[in-house]
Protein chains: 2
Amino acid sequence: MTENDVFRALADPTRRAIFEKLASGGMNASALRQGMEISQPAMSQHLAVLRKARLVREERQGRFVNYEVDPDGLALIAGWLAKYRAYWPARVEALKDLLKDMDQ
Amino acid sequence: MTENDVFRALADPTRRAIFEKLASGGMNASALRQGMEISQPAMSQHLAVLRKARLVREERQGRFVNYEVDPDGLALIAGWLAKYRAYWPARVEALKDLLKDMDQ
DNA sequence: CAGATACATAAGTGTGTGCTTATGTATCTG
DNA sequence: CAGATACATAAGCACACACTTATGTATCTG
């Protein structure tokens with residue numbers, strides 16, 4: 001898992017769609033394919049790229065492999081972005097509100 | 001400028017290096033090349049990609065073209081990341097501190 | 001105006017990427 | 001054990017990408 005792995009993984013729209021789907025709840029590779037018009041090998045290859053970037057992690061459950069979001073990859077992006085936070089001051093207040101919400 | 005433009009622009013390590021250099025202060029294309037072992041056309045092409053992604057914007061000054069960070073591209077990444085903020089709760093407090101600092 | 005400087009664009013090339021088809025591996029079921 | 005199911009991996013192919021060399025365009029200077 002390198003910075004390059006993460007950015008390259010997110011550079012593909014299909015992979016971002018897969019990631020987004022997983023963000024709404026973990027599921028196995030077959031379930032991920034539902035409504036996505038993508039072949040089984042293509043999905044498997046995309047998941048391998050996302051795994052290498054630690055954007056996703058697997059957990060084998062018998063015959064199935066359950067996938068879920070791995071926070072590590074996201075954290076790397078967040079860290080990268082934080083370095084340039086000086087450039088989006090207008091959005092600071094909005095972000096603060098978001099964080100306030102996260103406290104429940 | 002689309003989400004795809006931004007992620008694809010950041011997928012290249014040379015472009016991230018260019019962006020990072022610009023983040024420490026605007027400069028022209030020739031100055032950007034200093035210490036970067038990159039040809040003039042390659043730099044120009046990378047800057048075109050970053051421009052299309054609105055990660056960078058230009059301002060012609062006579063014979064020179066001054067480049068600087070454009071917040072719009074960064075904001076798009078920040079927005080994308082915000083959708084998945086539920087996955088890095090451990091870093092919320094740290095982020096809050098960062099935002100507090102930004103208030104000066 | 002002529003040359004130099006700063007940058008952009010065009011065209012060509014090797015390599016990487018995302019797909020395909022085919023096959024392999026692991027687990028479950030009868 | 002045999003077949004089915006879930007997924008991974010291998011190999012090949014078309015296309016995108018990052019580079020190169022060559023040339024174009026705009027601005028400055030003498």
# chains A, B, ... in the order shown; residues from 1 in each chain; ligands from 1
$ calpha_fit_and_write --fixed "chain A" --moving "chain B" --output "compact mmCIF listing (two decimals) with N, CA, C and O atoms, in the first residue's frame"
# COMPACT_ATOMS: atom_id res chain seq x y z
N MET B 1 0.77 -1.17 0.09
CA MET B 1 -0.07 0.04 0.07
C MET B 1 0.79 1.29 0.08
O MET B 1 1.47 1.60 1.04
N THR B 2 0.78 2.01 -1.01
CA THR B 2 1.51 3.28 -1.10
C THR B 2 0.53 4.36 -1.54
O THR B 2 -0.60 4.05 -1.95
N GLU B 3 0.99 5.59 -1.44
CA GLU B 3 0.16 6.70 -1.92
C GLU B 3 -0.22 6.47 -3.38
O GLU B 3 -1.36 6.69 -3.78
N ASN B 4 0.74 5.98 -4.13
CA ASN B 4 0.49 5.73 -5.54
C ASN B 4 -0.58 4.66 -5.74
O ASN B 4 -1.44 4.78 -6.62
N ASP B 5 -0.53 3.60 -4.96
CA ASP B 5 -1.53 2.54 -5.04
C ASP B 5 -2.94 3.12 -4.86
O ASP B 5 -3.86 2.80 -5.62
N VAL B 6 -3.08 3.98 -3.86
CA VAL B 6 -4.40 4.51 -3.53
C VAL B 6 -4.92 5.42 -4.64
O VAL B 6 -6.04 5.27 -5.12
N PHE B 7 -4.08 6.36 -5.09
CA PHE B 7 -4.54 7.28 -6.12
C PHE B 7 -4.81 6.56 -7.44
O PHE B 7 -5.78 6.85 -8.13
N ARG B 8 -3.96 5.61 -7.77
CA ARG B 8 -4.18 4.88 -9.02
C ARG B 8 -5.44 4.02 -8.94
O ARG B 8 -6.17 3.87 -9.92
N ALA B 9 -5.70 3.47 -7.77
CA ALA B 9 -6.90 2.65 -7.60
C ALA B 9 -8.16 3.50 -7.83
O ALA B 9 -9.12 3.05 -8.45
N LEU B 10 -8.12 4.73 -7.34
CA LEU B 10 -9.30 5.60 -7.44
C LEU B 10 -9.41 6.28 -8.79
O LEU B 10 -10.41 6.94 -9.09
N ALA B 11 -8.41 6.13 -9.62
CA ALA B 11 -8.41 6.78 -10.93
C ALA B 11 -9.41 6.14 -11.89
O ALA B 11 -9.77 6.73 -12.90
N ASP B 12 -9.85 4.93 -11.59
CA ASP B 12 -10.78 4.24 -12.47
C ASP B 12 -12.22 4.38 -11.98
O ASP B 12 -12.52 4.05 -10.82
N PRO B 13 -13.12 4.86 -12.85
CA PRO B 13 -14.51 5.11 -12.44
C PRO B 13 -15.25 3.84 -12.00
O PRO B 13 -16.08 3.92 -11.08
N THR B 14 -14.94 2.73 -12.63
CA THR B 14 -15.59 1.47 -12.23
C THR B 14 -15.19 1.12 -10.80
O THR B 14 -16.02 0.70 -9.99
N ARG B 15 -13.91 1.31 -10.48
CA ARG B 15 -13.45 1.01 -9.13
C ARG B 15 -14.06 1.96 -8.11
O ARG B 15 -14.42 1.55 -7.00
N ARG B 16 -14.21 3.22 -8.47
CA ARG B 16 -14.86 4.14 -7.53
C ARG B 16 -16.31 3.72 -7.30
O ARG B 16 -16.81 3.81 -6.18
N ALA B 17 -16.97 3.25 -8.35
CA ALA B 17 -18.35 2.79 -8.21
C ALA B 17 -18.42 1.58 -7.28
O ALA B 17 -19.33 1.48 -6.44
N ILE B 18 -17.49 0.67 -7.43
CA ILE B 18 -17.43 -0.51 -6.56
C ILE B 18 -17.24 -0.08 -5.12
O ILE B 18 -17.92 -0.54 -4.21
N PHE B 19 -16.29 0.83 -4.94
CA PHE B 19 -16.00 1.32 -3.59
C PHE B 19 -17.23 1.98 -2.98
O PHE B 19 -17.58 1.72 -1.82
N GLU B 20 -17.88 2.81 -3.76
CA GLU B 20 -19.07 3.53 -3.29
C GLU B 20 -20.15 2.56 -2.87
O GLU B 20 -20.82 2.76 -1.85
N LYS B 21 -20.30 1.49 -3.64
CA LYS B 21 -21.31 0.47 -3.33
C LYS B 21 -20.97 -0.21 -2.01
O LYS B 21 -21.84 -0.46 -1.18
N LEU B 22 -19.70 -0.48 -1.82
CA LEU B 22 -19.27 -1.13 -0.59
C LEU B 22 -19.43 -0.21 0.62
O LEU B 22 -19.63 -0.68 1.75
N ALA B 23 -19.32 1.08 0.37
CA ALA B 23 -19.43 2.04 1.47
C ALA B 23 -20.82 2.01 2.10
O ALA B 23 -20.99 2.37 3.26
N SER B 24 -21.80 1.56 1.35
CA SER B 24 -23.16 1.49 1.88
C SER B 24 -23.42 0.16 2.59
O SER B 24 -24.55 -0.15 2.95
N GLY B 25 -22.36 -0.61 2.77
CA GLY B 25 -22.48 -1.88 3.48
C GLY B 25 -21.68 -2.98 2.83
O GLY B 25 -21.65 -3.09 1.61
N GLY B 26 -21.02 -3.77 3.64
CA GLY B 26 -20.19 -4.86 3.12
C GLY B 26 -21.02 -5.89 2.38
O GLY B 26 -22.19 -6.08 2.69
N MET B 27 -20.43 -6.50 1.37
CA MET B 27 -21.11 -7.57 0.63
C MET B 27 -20.08 -8.39 -0.13
O MET B 27 -18.92 -8.00 -0.24
N ASN B 28 -20.51 -9.53 -0.64
CA ASN B 28 -19.56 -10.38 -1.36
C ASN B 28 -19.46 -9.97 -2.83
O ASN B 28 -20.22 -9.13 -3.31
N ALA B 29 -18.50 -10.56 -3.51
CA ALA B 29 -18.17 -10.16 -4.88
C ALA B 29 -19.34 -10.34 -5.84
O ALA B 29 -19.55 -9.52 -6.73
N SER B 30 -20.12 -11.39 -5.65
CA SER B 30 -21.27 -11.63 -6.53
C SER B 30 -22.33 -10.57 -6.33
O SER B 30 -22.89 -10.05 -7.30
N ALA B 31 -22.60 -10.25 -5.09
CA ALA B 31 -23.59 -9.21 -4.79
C ALA B 31 -23.15 -7.87 -5.37
O ALA B 31 -23.97 -7.11 -5.89
N LEU B 32 -21.85 -7.61 -5.33
CA LEU B 32 -21.31 -6.37 -5.88
C LEU B 32 -21.60 -6.26 -7.37
O LEU B 32 -21.83 -5.17 -7.90
N ARG B 33 -21.59 -7.38 -8.06
CA ARG B 33 -21.79 -7.37 -9.50
C ARG B 33 -23.22 -7.04 -9.91
O ARG B 33 -23.45 -6.58 -11.03
N GLN B 34 -24.17 -7.27 -9.02
CA GLN B 34 -25.59 -7.03 -9.33
C GLN B 34 -25.81 -5.61 -9.84
O GLN B 34 -25.47 -4.65 -9.17
N GLY B 35 -26.36 -5.51 -11.04
CA GLY B 35 -26.68 -4.20 -11.61
C GLY B 35 -25.48 -3.42 -12.06
O GLY B 35 -25.54 -2.22 -12.26
N MET B 36 -24.35 -4.11 -12.25
CA MET B 36 -23.14 -3.38 -12.63
C MET B 36 -22.55 -3.75 -13.97
O MET B 36 -21.53 -3.23 -14.36
N GLU B 37 -23.14 -4.67 -14.68
CA GLU B 37 -22.64 -5.06 -16.01
C GLU B 37 -21.12 -5.15 -16.06
O GLU B 37 -20.44 -4.39 -16.75
N ILE B 38 -20.63 -6.07 -15.29
CA ILE B 38 -19.18 -6.28 -15.25
C ILE B 38 -18.95 -7.77 -15.09
O ILE B 38 -19.69 -8.44 -14.37
N SER B 39 -17.96 -8.30 -15.79
CA SER B 39 -17.70 -9.74 -15.74
C SER B 39 -17.13 -10.15 -14.39
O SER B 39 -16.62 -9.31 -13.65
N GLN B 40 -17.20 -11.42 -14.09
CA GLN B 40 -16.70 -11.91 -12.81
C GLN B 40 -15.18 -11.68 -12.69
O GLN B 40 -14.71 -11.18 -11.66
N PRO B 41 -14.39 -12.00 -13.72
CA PRO B 41 -12.94 -11.75 -13.59
C PRO B 41 -12.61 -10.27 -13.44
O PRO B 41 -11.72 -9.92 -12.65
N ALA B 42 -13.33 -9.43 -14.18
CA ALA B 42 -13.07 -7.99 -14.08
C ALA B 42 -13.30 -7.51 -12.65
O ALA B 42 -12.48 -6.77 -12.09
N MET B 43 -14.41 -7.93 -12.08
CA MET B 43 -14.70 -7.55 -10.69
C MET B 43 -13.58 -8.03 -9.76
O MET B 43 -13.10 -7.29 -8.90
N SER B 44 -13.18 -9.27 -9.95
CA SER B 44 -12.14 -9.84 -9.10
C SER B 44 -10.83 -9.05 -9.22
O SER B 44 -10.14 -8.81 -8.22
N GLN B 45 -10.53 -8.62 -10.43
CA GLN B 45 -9.29 -7.86 -10.65
C GLN B 45 -9.40 -6.47 -10.02
O GLN B 45 -8.44 -5.99 -9.41
N HIS B 46 -10.56 -5.84 -10.16
CA HIS B 46 -10.74 -4.53 -9.54
C HIS B 46 -10.61 -4.62 -8.02
O HIS B 46 -9.98 -3.78 -7.38
N LEU B 47 -11.21 -5.68 -7.47
CA LEU B 47 -11.14 -5.84 -6.01
C LEU B 47 -9.70 -6.06 -5.55
O LEU B 47 -9.30 -5.59 -4.49
N ALA B 48 -8.92 -6.73 -6.38
CA ALA B 48 -7.51 -6.94 -6.04
C ALA B 48 -6.76 -5.61 -5.98
O ALA B 48 -5.93 -5.39 -5.09
N VAL B 49 -7.08 -4.72 -6.92
CA VAL B 49 -6.43 -3.40 -6.94
C VAL B 49 -6.85 -2.59 -5.71
O VAL B 49 -6.01 -1.96 -5.05
N LEU B 50 -8.13 -2.63 -5.40
CA LEU B 50 -8.63 -1.89 -4.23
C LEU B 50 -8.05 -2.45 -2.94
O LEU B 50 -7.76 -1.70 -1.99
N ARG B 51 -7.86 -3.76 -2.90
CA ARG B 51 -7.28 -4.40 -1.73
C ARG B 51 -5.84 -3.95 -1.54
O ARG B 51 -5.41 -3.61 -0.45
N LYS B 52 -5.09 -3.95 -2.64
CA LYS B 52 -3.68 -3.54 -2.58
C LYS B 52 -3.55 -2.10 -2.08
O LYS B 52 -2.56 -1.73 -1.45
N ALA B 53 -4.56 -1.29 -2.37
CA ALA B 53 -4.55 0.11 -1.95
C ALA B 53 -5.14 0.27 -0.55
O ALA B 53 -5.22 1.38 -0.03
N ARG B 54 -5.56 -0.82 0.05
CA ARG B 54 -6.21 -0.82 1.36
C ARG B 54 -7.42 0.10 1.40
O ARG B 54 -7.69 0.76 2.41
N LEU B 55 -8.11 0.12 0.30
CA LEU B 55 -9.38 0.84 0.28
C LEU B 55 -10.49 -0.13 0.64
O LEU B 55 -11.60 0.27 0.98
N VAL B 56 -10.15 -1.41 0.57
CA VAL B 56 -11.11 -2.48 0.77
C VAL B 56 -10.39 -3.65 1.42
O VAL B 56 -9.20 -3.83 1.23
N ARG B 57 -11.13 -4.40 2.26
CA ARG B 57 -10.52 -5.59 2.82
C ARG B 57 -11.50 -6.76 2.72
O ARG B 57 -12.70 -6.57 2.67
N GLU B 58 -10.94 -7.96 2.69
CA GLU B 58 -11.77 -9.14 2.48
C GLU B 58 -11.86 -9.96 3.76
O GLU B 58 -11.01 -9.86 4.64
N GLU B 59 -12.90 -10.76 3.82
CA GLU B 59 -13.09 -11.68 4.93
C GLU B 59 -13.81 -12.90 4.38
O GLU B 59 -15.00 -12.83 4.04
N ARG B 60 -13.08 -13.96 4.24
CA ARG B 60 -13.68 -15.16 3.65
C ARG B 60 -14.73 -15.75 4.59
O ARG B 60 -14.49 -15.87 5.80
N GLN B 61 -15.87 -16.09 3.99
CA GLN B 61 -16.94 -16.72 4.76
C GLN B 61 -17.42 -17.92 3.97
O GLN B 61 -18.34 -17.82 3.15
N GLY B 62 -16.77 -19.03 4.23
CA GLY B 62 -17.10 -20.25 3.50
C GLY B 62 -16.77 -20.08 2.04
O GLY B 62 -15.63 -19.75 1.68
N ARG B 63 -17.75 -20.27 1.21
CA ARG B 63 -17.53 -20.19 -0.22
C ARG B 63 -17.49 -18.74 -0.68
O ARG B 63 -17.01 -18.42 -1.76
N PHE B 64 -17.98 -17.85 0.13
CA PHE B 64 -18.08 -16.44 -0.24
C PHE B 64 -16.93 -15.63 0.34
O PHE B 64 -16.32 -16.04 1.32
N VAL B 65 -16.67 -14.52 -0.28
CA VAL B 65 -15.69 -13.59 0.27
C VAL B 65 -16.39 -12.26 0.48
O VAL B 65 -16.80 -11.61 -0.48
N ASN B 66 -16.53 -11.90 1.72
CA ASN B 66 -17.20 -10.64 2.02
C ASN B 66 -16.20 -9.49 1.96
O ASN B 66 -15.12 -9.57 2.54
N TYR B 67 -16.58 -8.46 1.27
CA TYR B 67 -15.72 -7.27 1.16
C TYR B 67 -16.33 -6.11 1.92
O TYR B 67 -17.55 -5.97 1.99
N GLU B 68 -15.44 -5.27 2.47
CA GLU B 68 -15.91 -4.06 3.16
C GLU B 68 -14.86 -2.98 3.02
O GLU B 68 -13.70 -3.24 2.69
N VAL B 69 -15.26 -1.74 3.27
CA VAL B 69 -14.35 -0.60 3.19
C VAL B 69 -13.26 -0.73 4.25
O VAL B 69 -13.55 -1.05 5.40
N ASP B 70 -12.05 -0.51 3.84
CA ASP B 70 -10.91 -0.45 4.77
C ASP B 70 -10.56 1.02 4.98
O ASP B 70 -10.25 1.73 4.03
N PRO B 71 -10.63 1.51 6.21
CA PRO B 71 -10.39 2.94 6.46
C PRO B 71 -8.97 3.40 6.11
O PRO B 71 -8.75 4.58 5.87
N ASP B 72 -8.03 2.48 6.07
CA ASP B 72 -6.63 2.88 5.87
C ASP B 72 -6.40 3.66 4.57
O ASP B 72 -5.71 4.68 4.56
N GLY B 73 -6.96 3.16 3.48
CA GLY B 73 -6.79 3.84 2.20
C GLY B 73 -7.39 5.24 2.25
O GLY B 73 -6.78 6.21 1.80
N LEU B 74 -8.59 5.34 2.82
CA LEU B 74 -9.25 6.63 2.94
C LEU B 74 -8.43 7.59 3.79
O LEU B 74 -8.31 8.77 3.48
N ALA B 75 -7.85 7.06 4.86
CA ALA B 75 -7.06 7.90 5.76
C ALA B 75 -5.86 8.49 5.02
O ALA B 75 -5.46 9.63 5.25
N LEU B 76 -5.30 7.70 4.12
CA LEU B 76 -4.16 8.20 3.35
C LEU B 76 -4.57 9.40 2.50
O LEU B 76 -3.87 10.41 2.44
N ILE B 77 -5.72 9.28 1.84
CA ILE B 77 -6.22 10.40 1.04
C ILE B 77 -6.50 11.61 1.94
O ILE B 77 -6.15 12.75 1.60
N ALA B 78 -7.11 11.35 3.08
CA ALA B 78 -7.42 12.43 4.02
C ALA B 78 -6.13 13.14 4.45
O ALA B 78 -6.10 14.37 4.55
N GLY B 79 -5.10 12.34 4.70
CA GLY B 79 -3.81 12.91 5.09
C GLY B 79 -3.20 13.75 3.99
O GLY B 79 -2.68 14.84 4.23
N TRP B 80 -3.30 13.23 2.78
CA TRP B 80 -2.77 13.97 1.63
C TRP B 80 -3.50 15.31 1.50
O TRP B 80 -2.88 16.36 1.34
N LEU B 81 -4.81 15.23 1.59
CA LEU B 81 -5.64 16.43 1.43
C LEU B 81 -5.36 17.45 2.53
O LEU B 81 -5.35 18.66 2.28
N ALA B 82 -5.12 16.95 3.73
CA ALA B 82 -4.90 17.84 4.87
C ALA B 82 -3.70 18.75 4.63
O ALA B 82 -3.67 19.89 5.10
N LYS B 83 -2.72 18.26 3.88
CA LYS B 83 -1.53 19.07 3.60
C LYS B 83 -1.87 20.34 2.84
O LYS B 83 -1.14 21.32 2.88
N TYR B 84 -3.00 20.33 2.14
CA TYR B 84 -3.36 21.46 1.30
C TYR B 84 -4.61 22.17 1.80
O TYR B 84 -5.28 22.88 1.07
N ARG B 85 -4.92 21.97 3.05
CA ARG B 85 -6.15 22.52 3.61
C ARG B 85 -6.15 24.04 3.57
O ARG B 85 -7.21 24.67 3.61
N ALA B 86 -4.96 24.62 3.48
CA ALA B 86 -4.88 26.09 3.42
C ALA B 86 -5.59 26.63 2.18
O ALA B 86 -5.93 27.80 2.12
N TYR B 87 -5.85 25.77 1.21
CA TYR B 87 -6.43 26.23 -0.06
C TYR B 87 -7.94 26.14 -0.14
O TYR B 87 -8.52 26.48 -1.14
N TRP B 88 -8.57 25.65 0.89
CA TRP B 88 -10.04 25.66 0.87
C TRP B 88 -10.58 26.21 2.18
O TRP B 88 -11.39 25.60 2.84
N PRO B 89 -10.18 27.43 2.51
CA PRO B 89 -10.59 28.03 3.78
C PRO B 89 -12.09 28.28 3.83
O PRO B 89 -12.69 28.21 4.90
N ALA B 90 -12.70 28.52 2.68
CA ALA B 90 -14.13 28.82 2.65
C ALA B 90 -14.96 27.64 3.13
O ALA B 90 -16.10 27.80 3.54
N ARG B 91 -14.36 26.47 3.08
CA ARG B 91 -15.14 25.27 3.43
C ARG B 91 -14.85 24.80 4.85
O ARG B 91 -15.36 23.77 5.27
N VAL B 92 -14.04 25.54 5.55
CA VAL B 92 -13.66 25.10 6.89
C VAL B 92 -14.86 25.01 7.82
O VAL B 92 -15.06 24.01 8.50
N GLU B 93 -15.70 26.04 7.79
CA GLU B 93 -16.85 26.05 8.69
C GLU B 93 -17.79 24.89 8.39
O GLU B 93 -18.28 24.22 9.29
N ALA B 94 -18.01 24.65 7.11
CA ALA B 94 -18.88 23.54 6.71
C ALA B 94 -18.31 22.22 7.21
O ALA B 94 -19.04 21.37 7.73
N LEU B 95 -17.01 22.07 7.08
CA LEU B 95 -16.36 20.83 7.51
C LEU B 95 -16.50 20.67 9.03
O LEU B 95 -16.76 19.59 9.53
N LYS B 96 -16.35 21.78 9.74
CA LYS B 96 -16.48 21.75 11.19
C LYS B 96 -17.86 21.23 11.58
O LYS B 96 -18.00 20.43 12.50
N ASP B 97 -18.88 21.72 10.88
CA ASP B 97 -20.24 21.29 11.17
C ASP B 97 -20.38 19.78 10.96
O ASP B 97 -21.00 19.08 11.75
N LEU B 98 -19.75 19.32 9.89
CA LEU B 98 -19.79 17.89 9.61
C LEU B 98 -19.19 17.11 10.78
O LEU B 98 -19.74 16.12 11.24
N LEU B 99 -18.06 17.58 11.25
CA LEU B 99 -17.37 16.90 12.34
C LEU B 99 -18.19 16.94 13.62
O LEU B 99 -18.22 15.99 14.38
N LYS B 100 -18.89 18.06 13.82
CA LYS B 100 -19.73 18.19 15.00
C LYS B 100 -20.82 17.11 14.93
O LYS B 100 -21.13 16.45 15.93
N ASP B 101 -21.37 16.90 13.74
CA ASP B 101 -22.40 15.89 13.56
C ASP B 101 -21.88 14.50 13.90
O ASP B 101 -22.60 13.67 14.44
N MET B 102 -20.62 14.28 13.58
CA MET B 102 -20.06 12.95 13.79
C MET B 102 -19.97 12.59 15.28
O MET B 102 -19.85 11.43 15.62
N ASP B 103 -20.00 13.61 16.13
CA ASP B 103 -19.93 13.34 17.57
C ASP B 103 -21.25 12.78 18.10
O ASP B 103 -21.34 12.38 19.23
N GLN B 104 -22.26 12.75 17.27
CA GLN B 104 -23.63 12.32 17.57
C GLN B 104 -24.34 13.28 18.55
O GLN B 104 -23.73 14.21 19.02
$ closest_atom_pairs --of "chain C" --to "chain A" --cutoff "10 Å" --atoms "only C-alpha atoms (C1' of nucleotides)" --output "Markdown table"
| residue | atom | partner | partner_atom | distance |
| --- | --- | --- | --- | --- |
| C:DT17 | C1' | A:Asp12 | CA | 9.9 |
| C:DG18 | C1' | A:Ala42 | CA | 7.9 |
| C:DC19 | C1' | A:Ala42 | CA | 7.1 |
| C:DT20 | C1' | A:Ala42 | CA | 9.0 |
| C:DA26 | C1' | A:Arg63 | CA | 7.2 |
| C:DT27 | C1' | A:Arg63 | CA | 4.7 |
| C:DC28 | C1' | A:Arg63 | CA | 6.9 |
$ interface_residues --of "chain D" --to "chain B" --cutoff "10 Å" --atoms "only C-alpha atoms (C1' of nucleotides)" --output "short mmCIF file (atom, residue, chain, number, x, y, z; two decimals) with all heavy atoms, in the first residue's frame"
data_model
loop_
_atom_site.label_atom_id
_atom_site.label_comp_id
_atom_site.auth_asym_id
_atom_site.auth_seq_id
_atom_site.Cartn_x
_atom_site.Cartn_y
_atom_site.Cartn_z
P DC D 17 -6.01 8.27 -20.62
OP1 DC D 17 -6.74 8.58 -19.38
OP2 DC D 17 -6.12 9.12 -21.81
"O5'" DC D 17 -4.46 8.13 -20.25
"C5'" DC D 17 -4.00 6.96 -19.56
"C4'" DC D 17 -2.50 7.02 -19.44
"O4'" DC D 17 -1.88 6.43 -20.61
"C3'" DC D 17 -1.91 8.43 -19.34
"O3'" DC D 17 -0.85 8.39 -18.42
"C2'" DC D 17 -1.43 8.70 -20.76
"C1'" DC D 17 -0.93 7.32 -21.14
N1 DC D 17 -0.86 7.04 -22.60
C2 DC D 17 0.21 6.25 -23.09
O2 DC D 17 1.04 5.82 -22.29
N3 DC D 17 0.27 5.99 -24.41
C4 DC D 17 -0.66 6.47 -25.24
N4 DC D 17 -0.55 6.19 -26.53
C5 DC D 17 -1.75 7.26 -24.76
C6 DC D 17 -1.80 7.52 -23.45
P DA D 18 -0.54 9.67 -17.48
OP1 DA D 18 -0.83 9.28 -16.10
OP2 DA D 18 -1.20 10.84 -18.10
"O5'" DA D 18 1.04 9.89 -17.62
"C5'" DA D 18 1.92 8.83 -17.33
"C4'" DA D 18 3.17 8.94 -18.18
"O4'" DA D 18 2.83 8.60 -19.54
"C3'" DA D 18 3.78 10.35 -18.22
"O3'" DA D 18 5.16 10.27 -17.88
"C2'" DA D 18 3.58 10.80 -19.67
"C1'" DA D 18 3.52 9.48 -20.40
N9 DA D 18 2.78 9.55 -21.67
C8 DA D 18 1.62 10.23 -21.92
N7 DA D 18 1.18 10.11 -23.15
C5 DA D 18 2.11 9.29 -23.74
C6 DA D 18 2.23 8.76 -25.05
N6 DA D 18 1.35 9.02 -26.01
N1 DA D 18 3.28 7.95 -25.30
C2 DA D 18 4.16 7.70 -24.33
N3 DA D 18 4.16 8.13 -23.07
C4 DA D 18 3.10 8.93 -22.84
P DC D 19 6.01 11.63 -17.76
OP1 DC D 19 6.95 11.47 -16.64
OP2 DC D 19 5.09 12.77 -17.78
"O5'" DC D 19 6.83 11.63 -19.14
"C5'" DC D 19 7.99 10.81 -19.25
"C4'" DC D 19 8.25 10.43 -20.69
"O4'" DC D 19 7.00 10.22 -21.38
"C3'" DC D 19 8.93 11.49 -21.54
"O3'" DC D 19 10.34 11.44 -21.35
"C2'" DC D 19 8.55 11.07 -22.95
"C1'" DC D 19 7.26 10.29 -22.77
N1 DC D 19 6.08 10.90 -23.45
C2 DC D 19 5.84 10.57 -24.78
O2 DC D 19 6.61 9.81 -25.37
N3 DC D 19 4.76 11.12 -25.42
C4 DC D 19 3.94 11.94 -24.76
N4 DC D 19 2.90 12.44 -25.42
C5 DC D 19 4.18 12.29 -23.39
C6 DC D 19 5.25 11.75 -22.78
P DT D 20 11.24 12.67 -21.79
OP1 DT D 20 12.56 12.51 -21.15
OP2 DT D 20 10.45 13.90 -21.58
"O5'" DT D 20 11.39 12.46 -23.37
"C5'" DT D 20 12.05 11.31 -23.87
"C4'" DT D 20 11.86 11.23 -25.37
"O4'" DT D 20 10.44 11.16 -25.65
"C3'" DT D 20 12.36 12.47 -26.11
"O3'" DT D 20 13.64 12.24 -26.65
"C2'" DT D 20 11.35 12.66 -27.25
"C1'" DT D 20 10.15 11.83 -26.85
N1 DT D 20 8.91 12.65 -26.63
C2 DT D 20 8.04 12.79 -27.66
O2 DT D 20 8.21 12.31 -28.77
N3 DT D 20 6.92 13.54 -27.36
C4 DT D 20 6.61 14.14 -26.16
O4 DT D 20 5.57 14.77 -26.02
C5 DT D 20 7.59 13.95 -25.12
C7 DT D 20 7.36 14.56 -23.77
C6 DT D 20 8.68 13.22 -25.39
P DA D 26 -0.23 33.54 -31.37
OP1 DA D 26 -1.71 33.53 -31.21
OP2 DA D 26 0.40 34.12 -32.57
"O5'" DA D 26 0.38 34.28 -30.10
"C5'" DA D 26 0.21 33.70 -28.82
"C4'" DA D 26 1.26 34.25 -27.88
"O4'" DA D 26 2.54 33.70 -28.24
"C3'" DA D 26 1.41 35.77 -27.94
"O3'" DA D 26 1.29 36.28 -26.63
"C2'" DA D 26 2.81 35.99 -28.51
"C1'" DA D 26 3.52 34.71 -28.12
N9 DA D 26 4.63 34.31 -28.98
C8 DA D 26 4.62 34.08 -30.32
N7 DA D 26 5.78 33.72 -30.83
C5 DA D 26 6.62 33.71 -29.73
C6 DA D 26 7.99 33.41 -29.57
N6 DA D 26 8.78 33.05 -30.59
N1 DA D 26 8.52 33.50 -28.34
C2 DA D 26 7.73 33.88 -27.33
N3 DA D 26 6.43 34.18 -27.33
C4 DA D 26 5.93 34.07 -28.58
P DT D 27 1.07 37.84 -26.36
OP1 DT D 27 0.08 37.95 -25.26
OP2 DT D 27 0.87 38.50 -27.67
"O5'" DT D 27 2.48 38.31 -25.78
"C5'" DT D 27 2.97 37.72 -24.59
"C4'" DT D 27 4.46 37.95 -24.48
"O4'" DT D 27 5.12 37.35 -25.61
"C3'" DT D 27 4.88 39.43 -24.50
"O3'" DT D 27 5.43 39.74 -23.25
"C2'" DT D 27 5.90 39.53 -25.63
"C1'" DT D 27 6.31 38.08 -25.82
N1 DT D 27 6.82 37.72 -27.16
C2 DT D 27 8.12 37.31 -27.27
O2 DT D 27 8.88 37.24 -26.34
N3 DT D 27 8.51 36.99 -28.56
C4 DT D 27 7.75 37.03 -29.70
O4 DT D 27 8.21 36.72 -30.79
C5 DT D 27 6.39 37.46 -29.51
C7 DT D 27 5.47 37.55 -30.69
C6 DT D 27 5.98 37.79 -28.27
P DC D 28 5.73 41.24 -22.81
OP1 DC D 28 5.41 41.38 -21.38
OP2 DC D 28 5.12 42.13 -23.82
"O5'" DC D 28 7.31 41.32 -22.97
"C5'" DC D 28 8.13 40.47 -22.17
"C4'" DC D 28 9.52 40.40 -22.77
"O4'" DC D 28 9.43 39.92 -24.12
"C3'" DC D 28 10.23 41.76 -22.84
"O3'" DC D 28 11.40 41.71 -22.04
"C2'" DC D 28 10.53 41.95 -24.34
"C1'" DC D 28 10.47 40.52 -24.87
N1 DC D 28 10.11 40.43 -26.31
C2 DC D 28 11.03 39.90 -27.22
O2 DC D 28 12.14 39.53 -26.81
N3 DC D 28 10.70 39.82 -28.54
C4 DC D 28 9.49 40.22 -28.94
N4 DC D 28 9.21 40.11 -30.24
C5 DC D 28 8.53 40.76 -28.03
C6 DC D 28 8.88 40.85 -26.74
#
